[in-house]
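The file structure-v3.cif contains mmCIF, C-alpha atoms:
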data_input
#
loop_
_atom_site.group_PDB
_atom_site.id
_atom_site.type_symbol
_atom_site.label_atom_id
_atom_site.label_comp_id
_atom_site.auth_asym_id
_atom_site.auth_seq_id
_atom_site.Cartn_x
_atom_site.Cartn_y
_atom_site.Cartn_z
ATOM 1 C CA MET A 937 -71.563 23.303 -61.306
ATOM 2 C CA THR A 938 -70.677 25.616 -58.407
ATOM 3 C CA ASP A 939 -68.733 22.869 -56.637
ATOM 4 C CA GLN A 940 -66.751 22.166 -59.778
ATOM 5 C CA ILE A 941 -65.812 25.854 -60.178
ATOM 6 C CA GLN A 942 -64.724 25.994 -56.537
ATOM 7 C CA LYS A 943 -62.546 22.875 -56.946
ATOM 8 C CA ASP A 944 -60.940 24.301 -60.059
ATOM 9 C CA ALA A 945 -60.188 27.553 -58.232
ATOM 10 C CA GLU A 946 -58.581 25.698 -55.323
ATOM 11 C CA ILE A 947 -56.428 23.704 -57.744
ATOM 12 C CA LEU A 948 -55.376 26.880 -59.545
ATOM 13 C CA VAL A 949 -54.438 28.620 -56.293
ATOM 14 C CA SER A 950 -52.494 25.594 -55.088
ATOM 15 C CA GLU A 951 -50.470 25.543 -58.287
ATOM 16 C CA PHE A 952 -49.303 29.150 -57.764
ATOM 17 C CA ALA A 953 -48.778 28.868 -53.983
ATOM 18 C CA PRO A 954 -45.313 27.742 -52.789
ATOM 19 C CA PRO A 955 -45.022 24.361 -51.063
ATOM 20 C CA PRO A 956 -45.320 24.280 -47.269
ATOM 21 C CA ALA A 957 -41.565 23.811 -46.858
ATOM 22 C CA GLN A 958 -40.814 26.869 -48.932
ATOM 23 C CA ARG A 959 -43.398 28.909 -47.036
ATOM 24 C CA ARG A 960 -41.742 27.980 -43.740
ATOM 25 C CA ALA A 961 -38.319 28.867 -45.106
ATOM 26 C CA LEU A 962 -39.544 32.241 -46.352
ATOM 27 C CA ARG A 963 -41.219 32.928 -43.007
ATOM 28 C CA LYS A 964 -38.029 32.054 -41.123
ATOM 29 C CA LEU A 965 -35.968 34.250 -43.441
ATOM 30 C CA GLY A 966 -38.347 37.147 -42.872
ATOM 31 C CA ASP A 967 -38.198 36.714 -39.108
ATOM 32 C CA ALA A 968 -34.408 36.519 -39.145
ATOM 33 C CA ALA A 969 -33.985 39.690 -41.238
ATOM 34 C CA PRO A 970 -32.419 42.400 -39.101
ATOM 35 C CA ALA A 971 -34.624 45.385 -38.426
ATOM 36 C CA PRO A 972 -33.395 48.627 -39.968
ATOM 37 C CA THR A 973 -31.587 50.797 -37.485
ATOM 38 C CA ASP A 974 -30.522 54.438 -37.469
ATOM 39 C CA ARG A 975 -27.725 53.986 -34.952
ATOM 40 C CA LEU A 976 -24.663 56.131 -35.526
ATOM 41 C CA SER A 977 -21.106 55.231 -34.794
ATOM 42 C CA PRO A 978 -19.593 56.864 -31.687
ATOM 43 C CA ARG A 979 -17.402 59.100 -33.845
ATOM 44 C CA ARG A 980 -20.343 60.390 -35.895
ATOM 45 C CA ARG A 981 -22.388 60.857 -32.729
ATOM 46 C CA VAL A 982 -19.660 63.027 -31.196
ATOM 47 C CA ALA A 983 -19.295 64.995 -34.454
ATOM 48 C CA ARG A 984 -23.036 65.660 -34.552
ATOM 49 C CA ALA A 985 -23.061 66.769 -30.910
ATOM 50 C CA LEU A 986 -20.171 69.167 -31.560
ATOM 51 C CA MET A 987 -21.988 70.547 -34.603
ATOM 52 C CA TYR A 988 -25.102 71.233 -32.517
ATOM 53 C CA VAL A 989 -23.009 72.937 -29.842
ATOM 54 C CA ALA A 990 -21.318 75.125 -32.451
ATOM 55 C CA LEU A 991 -24.689 76.071 -33.989
ATOM 56 C CA ILE A 992 -26.112 76.945 -30.577
ATOM 57 C CA VAL A 993 -23.099 79.133 -29.755
ATOM 58 C CA PHE A 994 -23.327 80.826 -33.154
ATOM 59 C CA ALA A 995 -27.072 81.449 -32.709
ATOM 60 C CA ILE A 996 -26.507 82.928 -29.248
ATOM 61 C CA GLY A 997 -23.829 85.234 -30.663
ATOM 62 C CA LEU A 998 -26.242 86.479 -33.343
ATOM 63 C CA LEU A 999 -29.229 86.896 -31.033
ATOM 64 C CA THR A 1000 -27.416 88.536 -28.104
ATOM 65 C CA PRO A 1001 -27.300 92.085 -29.614
ATOM 66 C CA PHE A 1002 -30.956 91.802 -30.614
ATOM 67 C CA PHE A 1003 -31.896 90.627 -27.105
ATOM 68 C CA TRP A 1004 -29.932 93.485 -25.537
ATOM 69 C CA MET A 1005 -31.658 96.007 -27.828
ATOM 70 C CA VAL A 1006 -35.131 94.761 -26.898
ATOM 71 C CA MET A 1007 -34.299 94.740 -23.185
ATOM 72 C CA SER A 1008 -32.779 98.230 -23.424
ATOM 73 C CA SER A 1009 -35.977 99.534 -25.015
ATOM 74 C CA LEU A 1010 -37.724 98.657 -21.746
ATOM 75 C CA LYS A 1011 -35.224 100.388 -19.465
ATOM 76 C CA SER A 1012 -34.972 103.935 -18.241
ATOM 77 C CA ALA A 1013 -32.616 106.303 -20.041
ATOM 78 C CA ASN A 1014 -29.939 106.145 -17.306
ATOM 79 C CA GLU A 1015 -30.079 102.388 -17.042
ATOM 80 C CA VAL A 1016 -29.201 101.573 -20.670
ATOM 81 C CA PHE A 1017 -25.421 102.011 -20.347
ATOM 82 C CA SER A 1018 -25.091 101.216 -16.679
ATOM 83 C CA VAL A 1019 -21.851 99.594 -15.471
ATOM 84 C CA PRO A 1020 -21.846 96.676 -14.951
ATOM 85 C CA ILE A 1021 -24.273 95.794 -17.744
ATOM 86 C CA THR A 1022 -27.763 94.843 -16.607
ATOM 87 C CA TRP A 1023 -29.385 92.496 -19.078
ATOM 88 C CA PHE A 1024 -32.860 92.819 -17.595
ATOM 89 C CA PRO A 1025 -34.479 96.107 -16.553
ATOM 90 C CA ASP A 1026 -35.166 96.645 -12.885
ATOM 91 C CA THR A 1027 -38.504 98.188 -13.818
ATOM 92 C CA ILE A 1028 -40.092 97.665 -17.224
ATOM 93 C CA VAL A 1029 -40.745 101.062 -18.806
ATOM 94 C CA TRP A 1030 -43.499 100.541 -21.391
ATOM 95 C CA GLN A 1031 -43.775 104.316 -21.629
ATOM 96 C CA ASN A 1032 -40.818 104.303 -24.058
ATOM 97 C CA TYR A 1033 -42.994 102.836 -26.807
ATOM 98 C CA ILE A 1034 -45.649 105.481 -26.208
ATOM 99 C CA ASP A 1035 -43.121 108.325 -26.138
ATOM 100 C CA ILE A 1036 -41.492 107.279 -29.407
ATOM 101 C CA TRP A 1037 -44.854 107.746 -31.133
ATOM 102 C CA THR A 1038 -45.785 110.993 -29.413
ATOM 103 C CA ARG A 1039 -42.350 112.670 -29.479
ATOM 104 C CA SER A 1040 -41.413 111.792 -33.045
ATOM 105 C CA ASN A 1041 -42.913 111.542 -36.518
ATOM 106 C CA MET A 1042 -42.735 107.754 -36.435
ATOM 107 C CA LEU A 1043 -45.934 107.185 -38.431
ATOM 108 C CA THR A 1044 -44.649 109.292 -41.354
ATOM 109 C CA TRP A 1045 -41.287 107.540 -41.292
ATOM 110 C CA ILE A 1046 -42.869 104.103 -41.369
ATOM 111 C CA ARG A 1047 -45.259 105.153 -44.145
ATOM 112 C CA ASN A 1048 -42.419 106.452 -46.330
ATOM 113 C CA THR A 1049 -40.270 103.386 -45.681
ATOM 114 C CA LEU A 1050 -43.115 100.997 -46.389
ATOM 115 C CA PHE A 1051 -44.021 102.812 -49.600
ATOM 116 C CA LEU A 1052 -40.458 102.679 -50.876
ATOM 117 C CA ALA A 1053 -39.981 99.043 -49.869
ATOM 118 C CA VAL A 1054 -43.195 97.887 -51.559
ATOM 119 C CA VAL A 1055 -42.704 99.860 -54.784
ATOM 120 C CA VAL A 1056 -39.015 99.009 -55.165
ATOM 121 C CA THR A 1057 -39.661 95.330 -54.412
ATOM 122 C CA PHE A 1058 -42.447 95.154 -56.984
ATOM 123 C CA LEU A 1059 -40.329 96.823 -59.671
ATOM 124 C CA GLN A 1060 -37.250 94.717 -58.972
ATOM 125 C CA VAL A 1061 -39.228 91.476 -59.055
ATOM 126 C CA LEU A 1062 -40.972 92.551 -62.269
ATOM 127 C CA THR A 1063 -37.884 93.762 -64.130
ATOM 128 C CA GLY A 1064 -35.588 91.078 -62.728
ATOM 129 C CA SER A 1065 -37.844 88.162 -63.640
ATOM 130 C CA PHE A 1066 -38.571 89.562 -67.096
ATOM 131 C CA ALA A 1067 -34.913 90.240 -67.931
ATOM 132 C CA ALA A 1068 -33.912 86.849 -66.542
ATOM 133 C CA TYR A 1069 -36.379 85.155 -68.888
ATOM 134 C CA GLY A 1070 -34.731 86.884 -71.836
ATOM 135 C CA PHE A 1071 -31.263 85.722 -70.762
ATOM 136 C CA ALA A 1072 -32.433 82.176 -69.980
ATOM 137 C CA ARG A 1073 -34.814 81.391 -72.843
ATOM 138 C CA VAL A 1074 -34.341 83.881 -75.700
ATOM 139 C CA ARG A 1075 -31.310 83.327 -77.905
ATOM 140 C CA PHE A 1076 -29.717 86.432 -79.446
ATOM 141 C CA PRO A 1077 -26.168 87.392 -80.441
ATOM 142 C CA GLY A 1078 -23.960 88.369 -77.509
ATOM 143 C CA ARG A 1079 -26.388 87.092 -74.887
ATOM 144 C CA ASP A 1080 -23.784 85.438 -72.651
ATOM 145 C CA VAL A 1081 -21.356 88.365 -72.859
ATOM 146 C CA LEU A 1082 -24.101 90.863 -72.053
ATOM 147 C CA PHE A 1083 -25.223 88.756 -69.096
ATOM 148 C CA LEU A 1084 -21.689 88.545 -67.700
ATOM 149 C CA LEU A 1085 -21.251 92.306 -68.033
ATOM 150 C CA TYR A 1086 -24.599 92.948 -66.355
ATOM 151 C CA VAL A 1087 -23.956 90.567 -63.476
ATOM 152 C CA GLY A 1088 -20.430 91.969 -63.144
ATOM 153 C CA THR A 1089 -21.915 95.262 -61.975
ATOM 154 C CA ILE A 1090 -22.637 93.540 -58.649
ATOM 155 C CA ALA A 1091 -18.908 93.712 -57.890
ATOM 156 C CA VAL A 1092 -18.763 97.487 -58.463
ATOM 157 C CA PRO A 1093 -19.252 99.369 -55.158
ATOM 158 C CA TRP A 1094 -21.995 101.967 -55.217
ATOM 159 C CA GLN A 1095 -19.706 104.547 -53.640
ATOM 160 C CA SER A 1096 -17.629 104.621 -56.822
ATOM 161 C CA TYR A 1097 -20.455 106.009 -58.949
ATOM 162 C CA MET A 1098 -22.886 107.589 -56.500
ATOM 163 C CA ILE A 1099 -21.624 111.137 -57.255
ATOM 164 C CA PRO A 1100 -22.328 111.041 -61.023
ATOM 165 C CA GLN A 1101 -25.577 109.263 -60.217
ATOM 166 C CA PHE A 1102 -26.532 112.071 -57.856
ATOM 167 C CA ILE A 1103 -25.701 114.671 -60.531
ATOM 168 C CA LEU A 1104 -27.821 112.774 -63.068
ATOM 169 C CA LEU A 1105 -30.852 112.565 -60.779
ATOM 170 C CA SER A 1106 -30.444 116.203 -59.778
ATOM 171 C CA ASN A 1107 -30.473 117.227 -63.436
ATOM 172 C CA MET A 1108 -33.637 115.165 -63.826
ATOM 173 C CA GLN A 1109 -35.083 117.201 -60.910
ATOM 174 C CA VAL A 1110 -36.089 114.133 -58.909
ATOM 175 C CA SER A 1111 -33.640 114.717 -56.071
ATOM 176 C CA ASN A 1112 -35.293 115.246 -52.682
ATOM 177 C CA THR A 1113 -38.253 113.129 -53.790
ATOM 178 C CA LEU A 1114 -39.151 109.509 -53.211
ATOM 179 C CA TRP A 1115 -38.801 108.968 -56.960
ATOM 180 C CA SER A 1116 -35.026 109.252 -56.644
ATOM 181 C CA ILE A 1117 -34.865 106.159 -54.414
ATOM 182 C CA ILE A 1118 -37.316 104.297 -56.643
ATOM 183 C CA LEU A 1119 -35.291 105.018 -59.791
ATOM 184 C CA LEU A 1120 -32.070 104.029 -58.040
ATOM 185 C CA GLN A 1121 -33.299 100.611 -56.954
ATOM 186 C CA ALA A 1122 -35.918 99.656 -59.540
ATOM 187 C CA PHE A 1123 -33.379 97.456 -61.355
ATOM 188 C CA GLY A 1124 -30.989 94.975 -59.793
ATOM 189 C CA ALA A 1125 -28.426 92.627 -61.310
ATOM 190 C CA PHE A 1126 -28.712 90.208 -58.411
ATOM 191 C CA GLY A 1127 -32.410 89.653 -59.077
ATOM 192 C CA VAL A 1128 -31.698 88.885 -62.723
ATOM 193 C CA PHE A 1129 -28.988 86.415 -61.742
ATOM 194 C CA LEU A 1130 -31.196 84.704 -59.153
ATOM 195 C CA MET A 1131 -34.174 84.335 -61.481
ATOM 196 C CA LYS A 1132 -32.052 83.181 -64.432
ATOM 197 C CA GLN A 1133 -30.552 80.416 -62.333
ATOM 198 C CA PHE A 1134 -34.042 79.252 -61.396
ATOM 199 C CA TYR A 1135 -35.446 79.491 -64.931
ATOM 200 C CA GLU A 1136 -32.695 77.198 -66.175
ATOM 201 C CA THR A 1137 -33.975 74.444 -63.873
ATOM 202 C CA ILE A 1138 -37.371 74.498 -65.638
ATOM 203 C CA PRO A 1139 -37.506 72.092 -68.630
ATOM 204 C CA GLU A 1140 -37.283 73.975 -71.894
ATOM 205 C CA GLU A 1141 -39.759 71.537 -73.418
ATOM 206 C CA LEU A 1142 -42.525 73.487 -71.664
ATOM 207 C CA SER A 1143 -41.566 76.645 -73.541
ATOM 208 C CA GLU A 1144 -41.280 74.771 -76.818
ATOM 209 C CA ALA A 1145 -44.731 73.228 -76.381
ATOM 210 C CA ALA A 1146 -46.171 76.653 -75.566
ATOM 211 C CA ARG A 1147 -44.633 78.132 -78.717
ATOM 212 C CA LEU A 1148 -46.177 75.332 -80.772
ATOM 213 C CA ASP A 1149 -49.532 76.238 -79.222
ATOM 214 C CA GLY A 1150 -49.098 79.802 -80.446
ATOM 215 C CA LEU A 1151 -48.101 81.598 -77.226
ATOM 216 C CA SER A 1152 -45.827 84.602 -77.500
ATOM 217 C CA GLU A 1153 -42.698 84.986 -75.356
ATOM 218 C CA TYR A 1154 -44.556 87.442 -73.117
ATOM 219 C CA ALA A 1155 -47.373 84.948 -72.588
ATOM 220 C CA ILE A 1156 -44.918 82.123 -71.856
ATOM 221 C CA TRP A 1157 -43.194 84.263 -69.236
ATOM 222 C CA ARG A 1158 -46.473 85.336 -67.643
ATOM 223 C CA ARG A 1159 -48.493 82.111 -67.839
ATOM 224 C CA ILE A 1160 -45.832 79.421 -67.498
ATOM 225 C CA MET A 1161 -42.574 80.696 -66.050
ATOM 226 C CA LEU A 1162 -43.922 82.951 -63.301
ATOM 227 C CA PRO A 1163 -46.330 80.378 -61.764
ATOM 228 C CA LEU A 1164 -43.503 77.829 -61.672
ATOM 229 C CA SER A 1165 -41.097 80.313 -60.064
ATOM 230 C CA ILE A 1166 -42.926 81.076 -56.817
ATOM 231 C CA PRO A 1167 -40.015 80.004 -54.543
ATOM 232 C CA ALA A 1168 -37.483 82.128 -56.432
ATOM 233 C CA LEU A 1169 -39.869 85.078 -56.610
ATOM 234 C CA ALA A 1170 -40.475 84.817 -52.864
ATOM 235 C CA SER A 1171 -36.721 84.768 -52.196
ATOM 236 C CA LEU A 1172 -36.132 87.814 -54.382
ATOM 237 C CA THR A 1173 -39.091 89.612 -52.786
ATOM 238 C CA LEU A 1174 -37.818 88.987 -49.275
ATOM 239 C CA LEU A 1175 -34.226 89.994 -50.032
ATOM 240 C CA THR A 1176 -35.250 93.159 -51.877
ATOM 241 C CA PHE A 1177 -37.782 94.230 -49.253
ATOM 242 C CA VAL A 1178 -35.294 93.805 -46.400
ATOM 243 C CA SER A 1179 -32.555 95.627 -48.318
ATOM 244 C CA THR A 1180 -34.818 98.570 -49.156
ATOM 245 C CA TRP A 1181 -36.303 98.754 -45.667
ATOM 246 C CA ASN A 1182 -32.843 98.888 -44.059
ATOM 247 C CA ASP A 1183 -31.288 101.261 -46.605
ATOM 248 C CA TYR A 1184 -29.708 104.262 -44.938
ATOM 249 C CA LEU A 1185 -27.157 105.801 -47.311
ATOM 250 C CA GLY A 1186 -29.519 106.292 -50.257
ATOM 251 C CA PRO A 1187 -32.192 108.211 -48.294
ATOM 252 C CA LEU A 1188 -29.452 110.136 -46.479
ATOM 253 C CA ILE A 1189 -28.110 111.470 -49.796
ATOM 254 C CA TYR A 1190 -31.363 112.149 -51.636
ATOM 255 C CA LEU A 1191 -34.054 112.861 -49.024
ATOM 256 C CA ARG A 1192 -33.479 116.199 -47.299
ATOM 257 C CA ASN A 1193 -37.087 117.068 -46.480
ATOM 258 C CA PRO A 1194 -38.019 115.690 -43.001
ATOM 259 C CA ASP A 1195 -41.461 114.791 -44.338
ATOM 260 C CA LEU A 1196 -39.759 112.348 -46.736
ATOM 261 C CA TRP A 1197 -37.463 110.699 -44.213
ATOM 262 C CA THR A 1198 -37.459 106.952 -43.829
ATOM 263 C CA ILE A 1199 -37.405 105.285 -40.440
ATOM 264 C CA GLN A 1200 -33.603 104.996 -40.494
ATOM 265 C CA LEU A 1201 -33.133 108.731 -41.060
ATOM 266 C CA GLY A 1202 -35.784 109.555 -38.516
ATOM 267 C CA LEU A 1203 -34.219 107.430 -35.786
ATOM 268 C CA GLN A 1204 -30.789 108.821 -36.599
ATOM 269 C CA SER A 1205 -32.129 112.294 -35.893
ATOM 270 C CA PHE A 1206 -32.559 111.204 -32.260
ATOM 271 C CA VAL A 1207 -28.793 110.872 -31.903
ATOM 272 C CA SER A 1208 -27.337 114.332 -31.350
ATOM 273 C CA ASN A 1209 -24.425 113.381 -29.067
ATOM 274 C CA LEU A 1210 -23.552 110.669 -26.601
ATOM 275 C CA TYR A 1211 -24.683 112.521 -23.485
ATOM 276 C CA ASP A 1212 -28.117 113.940 -24.202
ATOM 277 C CA THR A 1213 -29.515 111.170 -26.415
ATOM 278 C CA ASN A 1214 -32.324 109.121 -24.938
ATOM 279 C CA TYR A 1215 -31.129 105.709 -26.071
ATOM 280 C CA ALA A 1216 -34.061 103.951 -24.440
ATOM 281 C CA LEU A 1217 -36.411 105.720 -26.867
ATOM 282 C CA LEU A 1218 -33.992 105.037 -29.722
ATOM 283 C CA PHE A 1219 -33.941 101.327 -28.976
ATOM 284 C CA ALA A 1220 -37.726 101.322 -28.749
ATOM 285 C CA GLY A 1221 -37.880 102.799 -32.250
ATOM 286 C CA LEU A 1222 -35.337 100.274 -33.538
ATOM 287 C CA THR A 1223 -37.376 97.433 -32.100
ATOM 288 C CA ILE A 1224 -40.483 98.731 -33.848
ATOM 289 C CA SER A 1225 -38.572 98.983 -37.127
ATOM 290 C CA ILE A 1226 -37.594 95.312 -36.944
ATOM 291 C CA VAL A 1227 -41.135 93.988 -36.430
ATOM 292 C CA PRO A 1228 -42.245 94.179 -40.124
ATOM 293 C CA ILE A 1229 -39.041 92.466 -41.277
ATOM 294 C CA ALA A 1230 -39.458 89.683 -38.732
ATOM 295 C CA ILE A 1231 -43.077 89.094 -39.745
ATOM 296 C CA ILE A 1232 -42.267 88.969 -43.467
ATOM 297 C CA PHE A 1233 -39.333 86.627 -42.913
ATOM 298 C CA LEU A 1234 -41.382 84.249 -40.768
ATOM 299 C CA LEU A 1235 -44.154 84.156 -43.367
ATOM 300 C CA GLY A 1236 -41.806 83.620 -46.307
ATOM 301 C CA GLN A 1237 -39.115 81.478 -44.684
ATOM 302 C CA LYS A 1238 -40.234 78.264 -46.379
ATOM 303 C CA TYR A 1239 -40.245 79.776 -49.870
ATOM 304 C CA PHE A 1240 -37.005 81.638 -49.187
ATOM 305 C CA VAL A 1241 -35.069 78.478 -48.312
ATOM 306 C CA GLU A 1242 -36.596 76.561 -51.213
ATOM 307 C CA GLY A 1243 -35.892 79.347 -53.690
ATOM 308 C CA ILE A 1244 -32.240 79.711 -52.654
ATOM 309 C CA ALA A 1245 -31.733 75.929 -52.716
ATOM 310 C CA THR A 1246 -33.152 75.559 -56.243
ATOM 311 C CA SER A 1247 -31.474 78.629 -57.759
ATOM 312 C CA GLY A 1248 -27.913 77.363 -57.764
ATOM 313 C CA LEU A 1249 -26.818 79.528 -54.821
ATOM 314 C CA LYS A 1250 -26.462 76.812 -52.183
ATOM 315 C CA GLY A 1251 -22.756 76.736 -51.498
#

In structure tokens, how does this file's structure come out?
Amino acid sequence: MTDQIQKDAEILVSEFAPPPAQRRALRKLGDAAPAPTDRLSPRRRVARALMYVALIVFAIGLLTPFFWMVMSSLKSANEVFSVPITWFPDTIVWQNYIDIWTRSNMLTWIRNTLFLAVVVTFLQVLTGSFAAYGFARVRFPGRDVLFLLYVGTIAVPWQSYMIPQFILLSNMQVSNTLWSIILLQAFGAFGVFLMKQFYETIPEELSEAARLDGLSEYAIWRRIMLPLSIPALASLTLLTFVSTWNDYLGPLIYLRNPDLWTIQLGLQSFVSNLYDTNYALLFAGLTISIVPIAIIFLLGQKYFVEGIATSGLKG
């Protein structure tokens, strides 16, 4: 019985197997098939090389001022603006980083700047994502016109309305407090635009299914849209944090108490005139101020690129 089953199996296999001649032809065809190659034509190779050269030159142009600032923070005060320019210090002066902490109120400046950056970033991400959900998923009369008007405020320079804004906040008695900066920057049209563009890439069938399951619009935004929008949220977080951290004009107008100064105002106080300013200490403070931004950008670079690419802002 076993022998018969084995014979039947061999017959069945032989019926489905190609004849020996066909097997040899298929094997020869497979051997003769050209291997895939990634070779570029000479013209494309030259174009790619020129592109790399241009990118390297552009990167060097961007990084040169930063490199000079870091090197100047390690020089003596008289060596910073020496002629001809010395790119590397003759003697590394680490004492500059100690003096900037002992001779200034650097810790208070960093604390105020960090507080404003964190609070403003949280509020902008919260309000921007919530408003963007309304424009992207909730249908109401005049939605498109209202969105265009709101986004159009991006084109209006802040200098054109900062005086009435200052009068308004002064009448509210929040001038010369950190609340003035928070109220100024808690809402942003750019964040709404960025998040709306990302929300429109999410299938609307998810929202419809959630509504059929009984979820409210608030629950859909919180439990469905936000978890799916991590790249866009990370991009908005990074952009808002950097913008708030580097803001100079807003704190200059509203924060007059030295105990409320941000790091930009504090470092500007070092510059009295060109001749008696210790620029080595100033550059040391500037280098310290860049460290948090560099760390945050390195940690969120992946999400930042992905969020920009999927939000309709990629060229």

Where does the PyMOL selection byres ((chain A and resi 1140) around 12) land in this file, that is, which residues does it pick, as a short mmCIF file (atom, residue, chain, number, x, y, z; two decimals) with C-alpha atoms, keeping the file's coordinate frame?
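For reference, result-v9.cif as written:
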data_model
loop_
_atom_site.label_atom_id
_atom_site.label_comp_id
_atom_site.auth_asym_id
_atom_site.auth_seq_id
_atom_site.Cartn_x
_atom_site.Cartn_y
_atom_site.Cartn_z
CA TYR A 1069 -36.38 85.16 -68.89
CA ALA A 1072 -32.43 82.18 -69.98
CA ARG A 1073 -34.81 81.39 -72.84
CA VAL A 1074 -34.34 83.88 -75.70
CA TYR A 1135 -35.45 79.49 -64.93
CA GLU A 1136 -32.70 77.20 -66.18
CA THR A 1137 -33.98 74.44 -63.87
CA ILE A 1138 -37.37 74.50 -65.64
CA PRO A 1139 -37.51 72.09 -68.63
CA GLU A 1141 -39.76 71.54 -73.42
CA LEU A 1142 -42.52 73.49 -71.66
CA SER A 1143 -41.57 76.64 -73.54
CA GLU A 1144 -41.28 74.77 -76.82
CA ALA A 1145 -44.73 73.23 -76.38
CA ALA A 1146 -46.17 76.65 -75.57
CA ARG A 1147 -44.63 78.13 -78.72
CA ILE A 1156 -44.92 82.12 -71.86
CA ILE A 1160 -45.83 79.42 -67.50
CA MET A 1161 -42.57 80.70 -66.05
#

From the list A:Val1092, A:Ile1034, A:Leu1130, A:Leu1185, which residue is nearest Ala1067 in chain A when using only C-alpha atoms?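 Residue with the minimum atom-to-atom distance to Ala1067 in chain A: A:Leu1130.
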
Selection near Ala1068 in chain A, 7 Å with only C-alpha atoms, sequence-local residues under 2 positions removed, as a PyMOL selection string: chain A and resi 1064-1066+1070-1072+1128-1129+1131-1132

Using 6 Å of padding on each side, determine the axis-aligned box around all atoms of range 1061-1076 of chain A present in the file and give its centre and edge lengths in Å to one decimal, as lines of an AutoDock Vina configuration file.
center_x = -35.3
center_y = 87.6
center_z = -69.3
size_x = 23.3
size_y = 24.4
size_z = 32.4

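Across the structure, CA of Leu1196 in chain A and CA of Ile1229 in chain A are spaced 20.6 Å apart.
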
From A:Ala1155, A:Leu1084, A:Leu1191, A:Leu1050, residue lying nearest Leu1114 in chain A [all atoms listed in the file]: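 The closest residue to Leu1114 in chain A is A:Leu1191.
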
Would you translate the PyMOL selection byres ((chain A and resi 1036-1039) around 12) into the concrete set of residues it matches in this file, as a PyMOL selection string? chain A and resi 1009+1030-1035+1040-1046+1199+1202-1203+1206+1214-1225

So which residues touch range 1101-1106 of chain A within 12 Å, counting only C-alpha atoms, skipping near sequence neighbours fewer than 3 positions away, as a list of chain:residue names?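 Here the answer would be A:Trp1094, A:Gln1095, A:Ser1096, A:Tyr1097, A:Met1098, A:Gln1109, A:Val1110, A:Ser1111, A:Asn1112, A:Thr1113, A:Leu1114, A:Trp1115, A:Ser1116, A:Ile1117, A:Ile1118, A:Leu1119, A:Leu1120, A:Gly1186, A:Pro1187, A:Leu1188, A:Ile1189, A:Tyr1190, A:Leu1191.
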
Hits of the PyMOL selection byres ((chain A and resi 1008) around 10) in this structure, as a PyMOL selection string: chain A and resi 1002-1007+1009-1013+1015-1017+1022-1025+1028-1029+1215-1220+1223

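Between CA of Leu1174 in chain A and CA of Ile1232 in chain A the interatomic distance comes to 7.3 Å.
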
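Here CA of Val1054 in chain A and CA of Trp1181 in chain A stand 9.1 Å from one another.
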
Place a sphere of radius 10 Å on (-37.2, 93.6, -54.5) in the file coordinates and name every protein, DNA or RNA residue with an atom inside or on its surface, counting all atoms listed in the file; give the answer as a short mmCIF file (atom, residue, chain, number, x, y, z; two decimals) with C-alpha atoms, in the frame of the given file.
data_model
loop_
_atom_site.label_atom_id
_atom_site.label_comp_id
_atom_site.auth_asym_id
_atom_site.auth_seq_id
_atom_site.Cartn_x
_atom_site.Cartn_y
_atom_site.Cartn_z
CA ALA A 1053 -39.98 99.04 -49.87
CA VAL A 1054 -43.20 97.89 -51.56
CA VAL A 1055 -42.70 99.86 -54.78
CA VAL A 1056 -39.02 99.01 -55.16
CA THR A 1057 -39.66 95.33 -54.41
CA PHE A 1058 -42.45 95.15 -56.98
CA LEU A 1059 -40.33 96.82 -59.67
CA GLN A 1060 -37.25 94.72 -58.97
CA VAL A 1061 -39.23 91.48 -59.06
CA LEU A 1062 -40.97 92.55 -62.27
CA THR A 1063 -37.88 93.76 -64.13
CA GLY A 1064 -35.59 91.08 -62.73
CA GLN A 1121 -33.30 100.61 -56.95
CA ALA A 1122 -35.92 99.66 -59.54
CA PHE A 1123 -33.38 97.46 -61.36
CA GLY A 1124 -30.99 94.98 -59.79
CA PHE A 1126 -28.71 90.21 -58.41
CA GLY A 1127 -32.41 89.65 -59.08
CA LEU A 1169 -39.87 85.08 -56.61
CA ALA A 1170 -40.48 84.82 -52.86
CA SER A 1171 -36.72 84.77 -52.20
CA LEU A 1172 -36.13 87.81 -54.38
CA THR A 1173 -39.09 89.61 -52.79
CA LEU A 1174 -37.82 88.99 -49.28
CA LEU A 1175 -34.23 89.99 -50.03
CA THR A 1176 -35.25 93.16 -51.88
CA PHE A 1177 -37.78 94.23 -49.25
CA VAL A 1178 -35.29 93.80 -46.40
CA SER A 1179 -32.56 95.63 -48.32
CA THR A 1180 -34.82 98.57 -49.16
#
